[in-house]
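Visitor: Got a structure for you, start28.txt, holding compact mmCIF, C-alpha atoms.
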```
# COMPACT_ATOMS: atom_id res chain seq x y z
CA MET A 15 -88.81 -69.39 -41.09
CA PRO A 16 -86.35 -66.52 -41.69
CA GLY A 17 -85.35 -64.72 -38.53
CA LYS A 18 -86.87 -67.29 -36.22
CA ASP A 19 -85.04 -67.61 -32.89
CA ASP A 20 -84.41 -71.32 -32.34
CA THR A 21 -82.82 -70.82 -28.92
CA ILE A 22 -83.94 -73.39 -26.37
CA THR A 23 -83.85 -72.58 -22.66
CA HIS A 24 -84.27 -75.34 -20.07
CA VAL A 25 -86.34 -74.06 -17.17
CA ASP A 26 -86.98 -75.46 -13.73
CA ALA A 27 -90.41 -77.13 -13.53
CA GLN A 28 -91.19 -75.97 -10.00
CA ARG A 29 -90.38 -72.34 -10.76
CA LEU A 30 -92.33 -72.47 -14.00
CA GLU A 31 -95.32 -73.89 -12.16
CA ALA A 32 -95.16 -71.08 -9.60
CA LEU A 33 -95.09 -68.46 -12.37
CA VAL A 34 -98.03 -70.01 -14.22
CA ALA A 35 -100.02 -70.20 -10.98
CA ALA A 36 -99.31 -66.52 -10.35
CA ILE A 37 -100.48 -65.62 -13.87
CA PHE A 38 -103.85 -67.31 -13.33
CA ALA A 39 -104.19 -65.92 -9.81
CA GLY A 40 -103.63 -62.50 -11.38
CA LEU A 41 -106.70 -63.22 -13.53
CA ASP A 42 -108.85 -63.64 -10.38
CA VAL A 43 -108.67 -67.44 -10.35
CA PRO A 44 -108.64 -68.61 -6.69
CA GLU A 45 -105.13 -69.59 -5.57
CA GLN A 46 -105.93 -73.28 -5.13
CA ASP A 47 -107.51 -73.49 -8.59
CA ALA A 48 -104.68 -71.47 -10.14
CA ALA A 49 -102.20 -73.92 -8.62
CA SER A 50 -104.14 -76.85 -10.11
CA VAL A 51 -104.18 -75.29 -13.59
CA ALA A 52 -100.45 -74.62 -13.38
CA ARG A 53 -99.74 -78.16 -12.23
CA TYR A 54 -101.65 -79.68 -15.16
CA LEU A 55 -100.03 -77.41 -17.76
CA VAL A 56 -96.50 -77.99 -16.51
CA LEU A 57 -97.17 -81.72 -16.16
CA ALA A 58 -97.98 -81.80 -19.88
CA ASP A 59 -94.66 -80.11 -20.70
CA LEU A 60 -92.81 -82.45 -18.36
CA ARG A 61 -94.27 -85.44 -20.18
CA GLY A 62 -93.39 -83.96 -23.56
CA VAL A 63 -96.96 -83.07 -24.53
CA GLY A 64 -96.10 -79.47 -25.37
CA THR A 65 -99.30 -79.02 -27.35
CA HIS A 66 -101.20 -79.09 -24.04
CA GLY A 67 -98.63 -77.29 -21.90
CA VAL A 68 -97.86 -73.67 -21.06
CA SER A 69 -98.08 -72.68 -24.73
CA ARG A 70 -101.88 -72.77 -24.23
CA ILE A 71 -101.88 -70.04 -21.58
CA PRO A 72 -102.84 -67.19 -23.98
CA VAL A 73 -106.12 -68.74 -25.08
CA TYR A 74 -107.20 -69.64 -21.53
CA ALA A 75 -106.24 -66.17 -20.29
CA ASP A 76 -108.01 -64.45 -23.16
CA ARG A 77 -111.24 -66.33 -22.53
CA LEU A 78 -111.04 -65.47 -18.84
CA ARG A 79 -110.66 -61.77 -19.70
CA ARG A 80 -113.60 -61.96 -22.11
CA CYS A 81 -115.70 -63.62 -19.35
CA LEU A 82 -116.29 -66.61 -21.64
CA VAL A 83 -114.76 -68.73 -18.88
CA ARG A 84 -115.57 -68.03 -15.24
CA ALA A 85 -112.62 -67.57 -12.89
CA ARG A 86 -114.83 -68.47 -9.92
CA PRO A 87 -117.52 -70.85 -11.19
CA ASP A 88 -120.37 -72.13 -9.06
CA ILE A 89 -119.82 -75.81 -9.79
CA ARG A 90 -122.95 -77.79 -8.99
CA VAL A 91 -123.02 -81.54 -8.38
CA THR A 92 -126.02 -83.84 -8.15
CA HIS A 93 -126.03 -87.58 -7.47
CA PRO A 94 -128.72 -89.44 -9.45
CA MET A 95 -127.32 -92.73 -8.10
CA PRO A 96 -124.74 -93.60 -5.39
CA ALA A 97 -122.17 -94.48 -8.07
CA ALA A 98 -122.88 -91.49 -10.31
CA ALA A 99 -122.34 -87.73 -10.19
CA HIS A 100 -123.66 -85.12 -12.62
CA VAL A 101 -121.41 -82.05 -12.65
CA ASP A 102 -122.41 -78.65 -14.02
CA GLY A 103 -119.18 -76.72 -14.47
CA ASP A 104 -120.81 -73.28 -14.76
CA ASP A 105 -118.41 -72.46 -17.63
CA GLY A 106 -115.37 -72.72 -15.37
CA LEU A 107 -111.85 -73.53 -16.48
CA GLY A 108 -111.86 -77.08 -17.82
CA PHE A 109 -109.00 -78.06 -15.54
CA VAL A 110 -110.91 -77.00 -12.43
CA VAL A 111 -114.18 -78.60 -13.49
CA ALA A 112 -112.51 -81.84 -14.62
CA ARG A 113 -110.52 -82.14 -11.40
CA ARG A 114 -113.73 -81.86 -9.38
CA ALA A 115 -115.44 -84.44 -11.58
CA MET A 116 -112.62 -86.97 -11.29
CA GLN A 117 -112.67 -86.51 -7.52
CA GLU A 118 -116.42 -87.25 -7.58
CA ALA A 119 -115.83 -90.41 -9.65
CA ILE A 120 -113.10 -91.60 -7.27
CA THR A 121 -115.27 -90.90 -4.22
CA ALA A 122 -118.11 -92.92 -5.75
CA ALA A 123 -115.66 -95.74 -6.55
CA GLU A 124 -114.57 -95.78 -2.91
CA ARG A 125 -118.20 -96.45 -1.93
CA CYS A 126 -119.32 -98.71 -4.77
CA GLY A 127 -116.19 -100.09 -6.41
CA ILE A 128 -116.96 -98.07 -9.54
CA GLY A 129 -117.94 -94.44 -10.02
CA MET A 130 -118.88 -92.24 -12.94
CA ALA A 131 -119.07 -88.49 -13.33
CA SER A 132 -120.74 -86.81 -16.31
CA VAL A 133 -119.94 -83.14 -16.97
CA ARG A 134 -121.59 -80.30 -18.87
CA ASN A 135 -120.79 -76.58 -19.18
CA SER A 136 -117.04 -77.10 -19.06
CA ALA A 137 -114.17 -75.99 -21.29
CA HIS A 138 -111.00 -77.47 -22.78
CA PHE A 139 -109.40 -79.51 -19.97
CA GLY A 140 -105.88 -79.99 -21.32
CA MET A 141 -104.12 -83.35 -21.26
CA ALA A 142 -106.48 -86.24 -20.49
CA ALA A 143 -103.62 -88.27 -18.98
CA ALA A 144 -103.46 -85.82 -16.07
CA TYR A 145 -106.78 -87.10 -14.73
CA LEU A 146 -105.85 -90.73 -15.37
CA LEU A 147 -102.75 -90.19 -13.23
CA GLU A 148 -104.86 -88.75 -10.40
CA ALA A 149 -107.00 -91.88 -10.40
CA ILE A 150 -103.95 -94.17 -10.59
CA ASP A 151 -102.29 -92.30 -7.69
CA ALA A 152 -105.44 -92.99 -5.67
CA GLY A 153 -105.25 -96.70 -6.57
CA TYR A 154 -107.94 -96.77 -9.26
CA ALA A 155 -108.15 -97.58 -12.94
CA ALA A 156 -110.00 -95.04 -15.05
CA PHE A 157 -111.42 -93.95 -18.38
CA VAL A 158 -111.46 -90.27 -19.34
CA PHE A 159 -113.51 -89.01 -22.29
CA THR A 160 -114.30 -85.55 -23.61
CA ASN A 161 -115.81 -84.08 -26.72
CA ALA A 162 -114.38 -81.07 -28.52
CA SER A 163 -115.05 -78.40 -31.12
CA PRO A 164 -115.59 -79.77 -34.64
CA THR A 165 -112.37 -80.23 -36.61
CA MET A 166 -112.81 -83.70 -38.13
CA PRO A 167 -115.43 -85.10 -40.53
CA VAL A 168 -117.65 -88.02 -39.69
CA TRP A 169 -116.57 -90.91 -41.95
CA GLY A 170 -117.95 -90.28 -45.43
CA GLY A 171 -118.39 -86.55 -44.80
CA ARG A 172 -116.16 -83.67 -45.88
CA THR A 173 -116.91 -80.91 -43.38
CA PRO A 174 -115.99 -80.63 -39.65
CA PHE A 175 -118.47 -82.39 -37.38
CA LEU A 176 -116.49 -84.34 -34.74
CA GLY A 177 -113.78 -83.23 -32.35
CA THR A 178 -110.36 -84.86 -32.08
CA SER A 179 -111.59 -86.24 -28.78
CA PRO A 180 -109.04 -88.33 -26.86
CA PHE A 181 -109.51 -91.95 -25.90
CA ALA A 182 -107.84 -92.24 -22.50
CA PHE A 183 -107.45 -95.24 -20.19
CA GLY A 184 -105.20 -95.82 -17.20
CA ALA A 185 -104.55 -98.69 -14.78
CA PRO A 186 -102.14 -99.08 -11.85
CA GLY A 187 -99.04 -101.17 -12.49
CA GLY A 188 -98.41 -104.57 -10.99
CA GLU A 189 -95.38 -106.18 -9.40
CA GLY A 190 -92.37 -104.33 -10.80
CA SER A 191 -94.35 -102.87 -13.71
CA PRO A 192 -95.33 -99.29 -14.58
CA PRO A 193 -98.93 -98.10 -14.81
CA ILE A 194 -100.64 -98.21 -18.19
CA VAL A 195 -101.48 -94.67 -19.34
CA LEU A 196 -103.06 -94.55 -22.80
CA ASP A 197 -104.03 -91.07 -24.01
CA MET A 198 -104.54 -90.83 -27.76
CA ALA A 199 -106.40 -88.58 -30.16
CA THR A 200 -109.06 -90.16 -32.34
CA SER A 201 -107.57 -88.25 -35.28
CA VAL A 202 -104.34 -89.17 -37.05
CA VAL A 203 -102.71 -86.53 -34.86
CA ALA A 204 -103.93 -84.14 -32.17
CA ARG A 205 -104.95 -80.80 -33.71
CA GLY A 206 -102.74 -79.09 -31.15
CA LYS A 207 -99.69 -80.47 -32.96
CA ILE A 208 -100.82 -78.77 -36.16
CA ARG A 209 -101.39 -75.52 -34.26
CA ARG A 210 -97.94 -75.79 -32.67
CA ALA A 211 -96.34 -76.39 -36.09
CA MET A 212 -98.19 -73.38 -37.46
CA GLN A 213 -96.91 -71.20 -34.61
CA GLN A 214 -93.35 -72.34 -35.23
CA GLY A 215 -93.54 -71.99 -39.02
CA GLU A 216 -92.93 -75.68 -39.62
CA PRO A 217 -94.53 -78.08 -42.15
CA ILE A 218 -96.55 -81.13 -41.13
CA PRO A 219 -96.31 -84.66 -42.55
CA ALA A 220 -98.59 -85.66 -45.41
CA GLY A 221 -101.68 -87.57 -44.30
CA TRP A 222 -102.39 -85.50 -41.21
CA ALA A 223 -104.99 -83.11 -42.61
CA LEU A 224 -106.77 -81.55 -45.57
CA ASP A 225 -107.03 -77.85 -46.35
CA ALA A 226 -110.31 -75.93 -46.53
CA GLU A 227 -110.80 -77.10 -50.13
CA GLY A 228 -110.40 -80.75 -49.17
CA ARG A 229 -106.90 -81.15 -50.59
CA GLU A 230 -104.07 -82.90 -48.79
CA THR A 231 -101.53 -80.41 -47.47
CA THR A 232 -98.27 -80.21 -45.54
CA ASP A 233 -98.79 -76.49 -44.82
CA ALA A 234 -99.66 -76.27 -41.13
CA ARG A 235 -101.66 -73.06 -41.50
CA ARG A 236 -103.75 -74.45 -44.36
CA ALA A 237 -104.26 -77.64 -42.37
CA TYR A 238 -105.34 -75.71 -39.29
CA GLU A 239 -107.91 -73.86 -41.39
CA GLY A 240 -109.11 -77.15 -42.88
CA ILE A 241 -109.88 -80.53 -41.31
CA VAL A 242 -107.83 -83.20 -39.57
CA LEU A 243 -108.29 -86.81 -40.63
CA PRO A 244 -109.65 -89.57 -38.37
CA LEU A 245 -107.29 -92.27 -37.11
CA GLY A 246 -107.81 -95.48 -39.09
CA GLY A 247 -110.57 -93.97 -41.21
CA PRO A 248 -113.99 -95.15 -39.98
CA LYS A 249 -112.45 -96.51 -36.75
CA GLY A 250 -111.28 -93.11 -35.54
CA SER A 251 -114.53 -91.54 -36.66
CA GLY A 252 -116.48 -94.19 -34.73
CA LEU A 253 -114.45 -93.65 -31.57
CA SER A 254 -114.97 -89.89 -31.75
CA LEU A 255 -118.69 -90.45 -32.24
CA MET A 256 -118.62 -92.57 -29.08
CA MET A 257 -117.16 -89.56 -27.22
CA GLU A 258 -120.04 -87.44 -28.49
CA VAL A 259 -122.47 -89.92 -26.94
CA LEU A 260 -120.65 -90.42 -23.62
CA ALA A 261 -119.45 -86.86 -23.06
CA GLY A 262 -121.95 -84.80 -25.01
CA VAL A 263 -125.35 -86.42 -25.45
CA MET A 264 -125.52 -88.14 -22.03
CA SER A 265 -124.17 -85.18 -20.03
CA GLY A 266 -126.36 -82.41 -21.40
CA ALA A 267 -123.35 -80.62 -22.92
CA ALA A 268 -123.03 -79.45 -26.52
CA TYR A 269 -122.60 -82.22 -29.09
CA GLY A 270 -122.59 -83.03 -32.81
CA GLY A 271 -120.61 -80.08 -34.12
CA THR A 272 -121.96 -77.48 -31.65
CA VAL A 273 -119.11 -77.45 -29.09
CA GLY A 274 -117.53 -73.99 -29.07
CA ASP A 275 -114.06 -73.44 -30.54
CA GLN A 276 -111.95 -71.74 -27.88
CA TYR A 277 -109.89 -69.93 -30.53
CA ARG A 278 -112.67 -68.81 -32.86
CA ASP A 279 -115.93 -68.58 -30.93
CA LEU A 280 -115.31 -65.39 -29.00
CA ASP A 281 -118.94 -64.66 -28.22
CA ARG A 282 -120.00 -67.76 -26.27
CA PRO A 283 -118.77 -70.41 -23.82
CA GLN A 284 -117.70 -73.78 -25.21
CA ASN A 285 -120.06 -76.06 -23.22
CA VAL A 286 -117.64 -78.98 -23.50
CA GLY A 287 -118.77 -82.30 -22.07
CA HIS A 288 -116.60 -84.82 -20.20
CA SER A 289 -117.06 -88.31 -18.81
CA PHE A 290 -114.95 -89.86 -16.03
CA ILE A 291 -115.13 -93.48 -14.90
CA ALA A 292 -113.02 -94.71 -11.98
CA PHE A 293 -113.02 -98.26 -10.69
CA ARG A 294 -111.11 -100.53 -8.36
CA PRO A 295 -108.82 -102.71 -10.54
CA SER A 296 -108.81 -105.48 -7.95
CA LEU A 297 -112.60 -105.56 -7.74
CA PHE A 298 -112.96 -109.12 -9.06
CA LEU A 299 -109.71 -110.79 -8.01
CA GLY A 300 -108.23 -108.97 -5.02
CA GLU A 301 -105.19 -106.70 -4.91
CA ALA A 302 -102.50 -109.38 -4.70
CA VAL A 303 -103.83 -111.35 -7.64
CA TYR A 304 -104.31 -108.20 -9.72
CA GLY A 305 -100.76 -107.05 -9.02
CA THR A 306 -99.31 -110.43 -9.96
CA ARG A 307 -101.31 -110.73 -13.18
CA MET A 308 -100.60 -107.15 -14.23
CA GLY A 309 -96.90 -107.57 -13.61
CA ASP A 310 -96.93 -110.81 -15.59
CA LEU A 311 -98.74 -109.15 -18.51
CA VAL A 312 -96.12 -106.41 -18.78
CA THR A 313 -93.23 -108.86 -18.38
CA ARG A 314 -94.56 -111.06 -21.17
CA ALA A 315 -95.24 -108.06 -23.41
CA ARG A 316 -91.66 -106.82 -22.95
CA ALA A 317 -90.32 -110.29 -23.79
CA CYS A 318 -91.90 -110.30 -27.26
CA PRO A 319 -89.40 -110.47 -30.17
CA ARG A 320 -88.47 -106.94 -31.19
CA VAL A 321 -88.35 -105.31 -34.59
CA ASP A 322 -85.22 -103.48 -33.42
CA ASP A 323 -83.11 -105.14 -30.72
CA ASP A 324 -81.75 -101.73 -29.70
CA GLN A 325 -85.23 -100.38 -28.94
CA PRO A 326 -86.96 -101.73 -25.82
CA ILE A 327 -90.68 -102.47 -25.79
CA LEU A 328 -92.39 -99.79 -23.72
CA MET A 329 -95.87 -99.68 -22.24
CA PRO A 330 -98.35 -96.87 -23.04
CA GLY A 331 -97.35 -93.83 -21.01
CA GLU A 332 -93.83 -95.10 -20.31
CA PRO A 333 -92.05 -92.84 -22.84
CA GLU A 334 -93.78 -89.85 -21.26
CA ALA A 335 -92.87 -91.00 -17.74
CA ASN A 336 -89.23 -91.42 -18.78
CA ARG A 337 -89.24 -87.97 -20.38
CA MET A 338 -90.68 -86.52 -17.18
CA LYS A 339 -87.81 -87.95 -15.13
CA THR A 340 -85.32 -86.37 -17.50
CA ARG A 341 -87.01 -82.99 -17.54
CA LEU A 342 -87.37 -82.87 -13.77
CA ALA A 343 -83.60 -83.26 -13.61
CA GLU A 344 -82.56 -81.19 -16.63
CA GLY A 345 -85.39 -78.70 -17.00
CA ILE A 346 -88.26 -78.19 -19.47
CA PRO A 347 -87.13 -76.98 -22.90
CA LEU A 348 -88.89 -73.76 -23.92
CA THR A 349 -88.38 -71.72 -27.06
CA ALA A 350 -87.67 -68.00 -27.20
CA ALA A 351 -91.30 -67.54 -28.32
CA ASP A 352 -92.53 -69.47 -25.27
CA LEU A 353 -90.52 -67.23 -22.95
CA ALA A 354 -91.74 -64.08 -24.72
CA MET A 355 -95.31 -65.33 -24.29
CA LEU A 356 -94.77 -65.94 -20.57
CA ARG A 357 -93.35 -62.43 -20.14
CA GLU A 358 -96.33 -60.94 -21.98
CA GLN A 359 -98.92 -62.96 -20.07
CA ALA A 360 -97.29 -62.15 -16.75
CA GLY A 361 -97.39 -58.46 -17.63
CA LEU A 362 -101.05 -58.63 -18.62
CA ALA A 363 -101.77 -60.27 -15.26
CA GLY A 364 -99.99 -57.41 -13.47
CA LEU A 365 -96.81 -59.32 -12.63
CA THR A 366 -93.19 -58.33 -12.98
CA VAL A 367 -91.03 -61.40 -13.48
CA ASP A 368 -87.40 -62.22 -14.05
CA LEU A 369 -87.49 -65.00 -16.61
CA ASP A 370 -83.78 -65.64 -16.08
CA ALA A 371 -84.76 -66.95 -12.65
CA LEU A 372 -86.64 -69.80 -14.34
CA GLY A 373 -83.42 -71.31 -15.66
CA LYS A 374 -81.78 -74.35 -14.10
CA VAL A 375 -79.02 -73.60 -11.63
```
Can I see the file as C-alpha cells?

Guide:
Amino acid sequence: MPGKDDTITHVDAQRLEALVAAIFAGLDVPEQDAASVARYLVLADLRGVGTHGVSRIPVYADRLRRCLVRARPDIRVTHPMPAAAHVDGDDGLGFVVARRAMQEAITAAERCGIGMASVRNSAHFGMAAAYLLEAIDAGYAAFVFTNASPTMPVWGGRTPFLGTSPFAFGAPGGEGSPPIVLDMATSVVARGKIRRAMQQGEPIPAGWALDAEGRETTDARRAYEGIVLPLGGPKGSGLSLMMEVLAGVMSGAAYGGTVGDQYRDLDRPQNVGHSFIAFRPSLFLGEAVYGTRMGDLVTRARACPRVDDDQPILMPGEPEANRMKTRLAEGIPLTAADLAMLREQAGLAGLTVDLDALGKV
C-alpha cells in the first residue's frame, strides 16, 4: 500500500499490559477485570496471535461505549449438578465472563474430577488458548469451545451460517515434555487473519475465502465481506456445527447464524455462547503414571523421521510458547498503526501516555 509506514517497534510486554489495563479502566471496567482483559490481549501478542491481541482494543472499547457490552456485568451462576455450572454473563466482556466460567469448571473438577461450565450472554472472548493455559497452570486438562457470528457456510450451503469457532484442547505436559495446547479455527484460517490483512492492505492466499458473489479471491477486503471456507470441507463444517450445539444450543445462547457480529451489529449484544470442560488428567491412572506416559508420548512423537532434518518436530502450542519466550526478552513487535491506535484509544479513555516509554530499554 503506497505510503504505508512499515516501521516495527518492539515494546515491553509488562508496560503494554499496564497501558491496556488503564485504557479499559478508563472505560469504567473494574480494575481487576481490566487487568484480566489486558493480560489476555497481551498474552495473545506474546504468543504471536496478533489477530486476537491489542489490535482488537477498538472494537471492544466501542461496544463498551455503546453499552452493547457491560463494563460491570452482574454475572449469575447456577449449579444444576455438582460438576456443572450455568453462567449468565449479563453481556459482559467475553474475557471477564469466560474467566469466571473456567474458574467454575476448575472448581467443579476439584470436587468431582471433572467440571463443566456452560455460558450464555457473553461476547467475543479472544484467544481460546488463554483459558486452556489457566486450566493447565492449575493442573487440569481442558476443552474450550465457543460459537461466533456467522461467517462460514454449512457444508453444501453458500451463505454465512456458522462461526469460525475454535476447537481448543489442552493437557499438562509429562516428564520433560511441554503441555499440549491445541487452539485451531474450524475454518481454513481464522477470520481475524483476513481482517488483519485488510487493515494492513495485504493480499491473502487463494483458498482462504470467497467474496460476496461466491468467487475465490485474494483481496482481503472482498474476502472479509464474503465468506471464509471450512477446514477440510465437511469436516470443518461439522466441527463448527458441534460448537453450535455445545456452546449455543445447550447453553441458551444465540446459535445457528444468530450470534451478533461485534463489528456490524451495533444495535444489540452478541449473546455468544461458550463451553468449558476441565478434568484431572491423572483421574484414571494417577499422577506419576500420567506424567510418565505423557512424557513418553512426546518423546516418541519427536523421534519420528522428519520431512526436513533441520526442522524439529514440535507439539501443538510449542511454537507459540517459544515465540513468547523470545518476545518477553526482546519485546512485542507493533506496527506504526498499532501504536497510533493505542494513542487514540488512550486519549478516548482520558489518558495521556508517552508511547516511547513502551519501548525496550

Visitor: Between atom CA of Trp169 of chain A and atom CA of Gly287 of chain A, what is the distance, to one decimal in Å?

Guide: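 For atom CA of Trp169 of chain A relative to atom CA of Gly287 of chain A, the distance reads 21.8 Å.
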
Visitor: So how far away is atom CA of Ala98 of chain A from atom CA of Ala131 of chain A, in Å?

Guide: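 Going from atom CA of Ala131 of chain A over to atom CA of Ala98 of chain A covers 5.7 Å.
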
Visitor: Check the smallest atom-to-atom distance from each of A:Phe139, A:Phe109, A:Phe181, A:Tyr74 to Gly252 of chain A using only C-alpha atoms, then report the winner.

Guide: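 Looking only at the distances to Gly252 of chain A, the closest residue turns out to be A:Phe181.
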
Visitor: From the options A:Phe38, A:Phe157, A:Phe290, A:Trp222, which residue's atoms come nearest to Val101 of chain A, counting all atoms listed in the file?

Guide: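 Answer, going by the shortest atom-to-atom distance: A:Phe290.
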
Visitor: As AutoDock Vina command-line options, please report the centre and edge lengths, rounded to one decimal in Å, of the axis-aligned box that holds all listed atoms of segment 330-333 of chain A with 4 Å of padding on each of the six sides.

Guide:
```
--center_x -95.2 --center_y -94.9 --center_z -21.7 --size_x 14.3 --size_y 12.0 --size_z 10.7
```

Visitor: Report, in Å to a single decimal, how far apart atom CA of Pro219 of chain A and atom CA of Gly250 of chain A are.

Guide: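 Those two atoms sit 18.6 Å apart.
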
Visitor: Residues at most 9 Å from Met141 of chain A, counting only C-alpha atoms, excluding those fewer than 5 positions away in the same chain, as a list in words?

Guide: Tyr54, Leu55, Leu57, Ala58, Val63, Thr65, His66, Gly67, Pro180 and Asp197 of chain A

Visitor: Using only C-alpha atoms for the distances, tell me which of A:Leu280, A:Gly221, A:Lys249, A:Arg86 is nearest to Ala39 of chain A.

Guide: A:Arg86

Visitor: Would you be able to write out as a VMD selection string which residues have an atom within 12 Å of (-101.7, -74.6, -32.3) in the file's coordinates, counting all atoms listed in the file?

Guide: chain A and resid 64 to 73 204 to 216 234 to 235 237 to 239 276 to 277

Visitor: Looking at A:Arg337, A:Arg61, A:Arg84, A:Arg294, which one is nearest to Ala143 of chain A, with distances taken over all atoms listed in the file?

Guide: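 Selected residue with least distance to Ala143 of chain A: A:Arg61.
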
Visitor: Counting only C-alpha atoms, which residues sit no farther than 12 Å from the position (-113.9, -94.1, -37.0) in the file's frame? I'd like them as a list in words.

Guide: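 All residues meeting the 12 Å criterion around (-113.9, -94.1, -37.0) are Met166, Pro167, Val168, Trp169, Gly170, Gly171, Leu176, Gly177, Thr178, Ser179, Ala199, Thr200, Ser201, Val202, Leu243, Pro244, Leu245, Gly246, Gly247, Pro248, Lys249, Gly250, Ser251, Gly252, Leu253, Ser254, Leu255, Met256 and Met257 of chain A.
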
Visitor: Go through A:Val83, A:Ile128, A:Val91, A:Val111 and flag the residue nearest Phe298 of chain A, using all atoms listed in the file for the distances.

Guide: A:Ile128

Visitor: Could you tell me which of A:Ala32, A:Met116, A:Leu60, A:Ala48 comes closest to Asn336 of chain A if we count all atoms listed in the file?

Guide: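 Among the listed residues, A:Leu60 lies closest to Asn336 of chain A.
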
Visitor: If I only have part of segment 121-133 of chain A, can you fill in N, CA, C and O atoms and write it as a short mmCIF file (atom, residue, chain, number, x, y, z; two decimals), keeping the file's coordinate frame?

Guide:
```cif
data_model
loop_
_atom_site.label_atom_id
_atom_site.label_comp_id
_atom_site.auth_asym_id
_atom_site.auth_seq_id
_atom_site.Cartn_x
_atom_site.Cartn_y
_atom_site.Cartn_z
N THR A 121 -114.51 -90.78 -5.46
CA THR A 121 -115.27 -90.90 -4.22
C THR A 121 -116.38 -91.94 -4.37
O THR A 121 -116.61 -92.76 -3.47
N ALA A 122 -117.05 -91.92 -5.51
CA ALA A 122 -118.11 -92.92 -5.75
C ALA A 122 -117.51 -94.32 -5.84
O ALA A 122 -118.10 -95.29 -5.35
N ALA A 123 -116.33 -94.43 -6.45
CA ALA A 123 -115.66 -95.74 -6.55
C ALA A 123 -115.24 -96.26 -5.18
O ALA A 123 -115.22 -97.47 -4.95
N GLU A 124 -114.91 -95.36 -4.27
CA GLU A 124 -114.57 -95.78 -2.91
C GLU A 124 -115.78 -96.42 -2.24
O GLU A 124 -115.64 -97.39 -1.48
N ARG A 125 -116.98 -95.92 -2.53
CA ARG A 125 -118.20 -96.45 -1.93
C ARG A 125 -118.68 -97.71 -2.64
O ARG A 125 -119.10 -98.67 -2.00
N CYS A 126 -118.63 -97.69 -3.97
CA CYS A 126 -119.32 -98.71 -4.77
C CYS A 126 -118.39 -99.61 -5.59
O CYS A 126 -118.87 -100.54 -6.24
N GLY A 127 -117.11 -99.33 -5.58
CA GLY A 127 -116.19 -100.09 -6.41
C GLY A 127 -116.01 -99.50 -7.79
O GLY A 127 -114.99 -99.68 -8.44
N ILE A 128 -117.02 -98.76 -8.25
CA ILE A 128 -116.96 -98.07 -9.54
C ILE A 128 -117.74 -96.77 -9.41
O ILE A 128 -118.75 -96.70 -8.70
N GLY A 129 -117.26 -95.73 -10.06
CA GLY A 129 -117.94 -94.44 -10.02
C GLY A 129 -117.83 -93.73 -11.35
O GLY A 129 -116.84 -93.89 -12.07
N MET A 130 -118.85 -92.97 -11.67
CA MET A 130 -118.88 -92.24 -12.94
C MET A 130 -119.34 -90.82 -12.71
O MET A 130 -120.26 -90.58 -11.92
N ALA A 131 -118.66 -89.89 -13.38
CA ALA A 131 -119.07 -88.49 -13.33
C ALA A 131 -119.27 -87.99 -14.75
O ALA A 131 -118.40 -88.17 -15.61
N SER A 132 -120.42 -87.38 -15.01
CA SER A 132 -120.74 -86.81 -16.31
C SER A 132 -120.77 -85.30 -16.17
O SER A 132 -121.35 -84.78 -15.20
N VAL A 133 -120.17 -84.59 -17.13
CA VAL A 133 -119.94 -83.14 -16.97
C VAL A 133 -120.51 -82.36 -18.15
O VAL A 133 -120.32 -82.74 -19.32
#
```
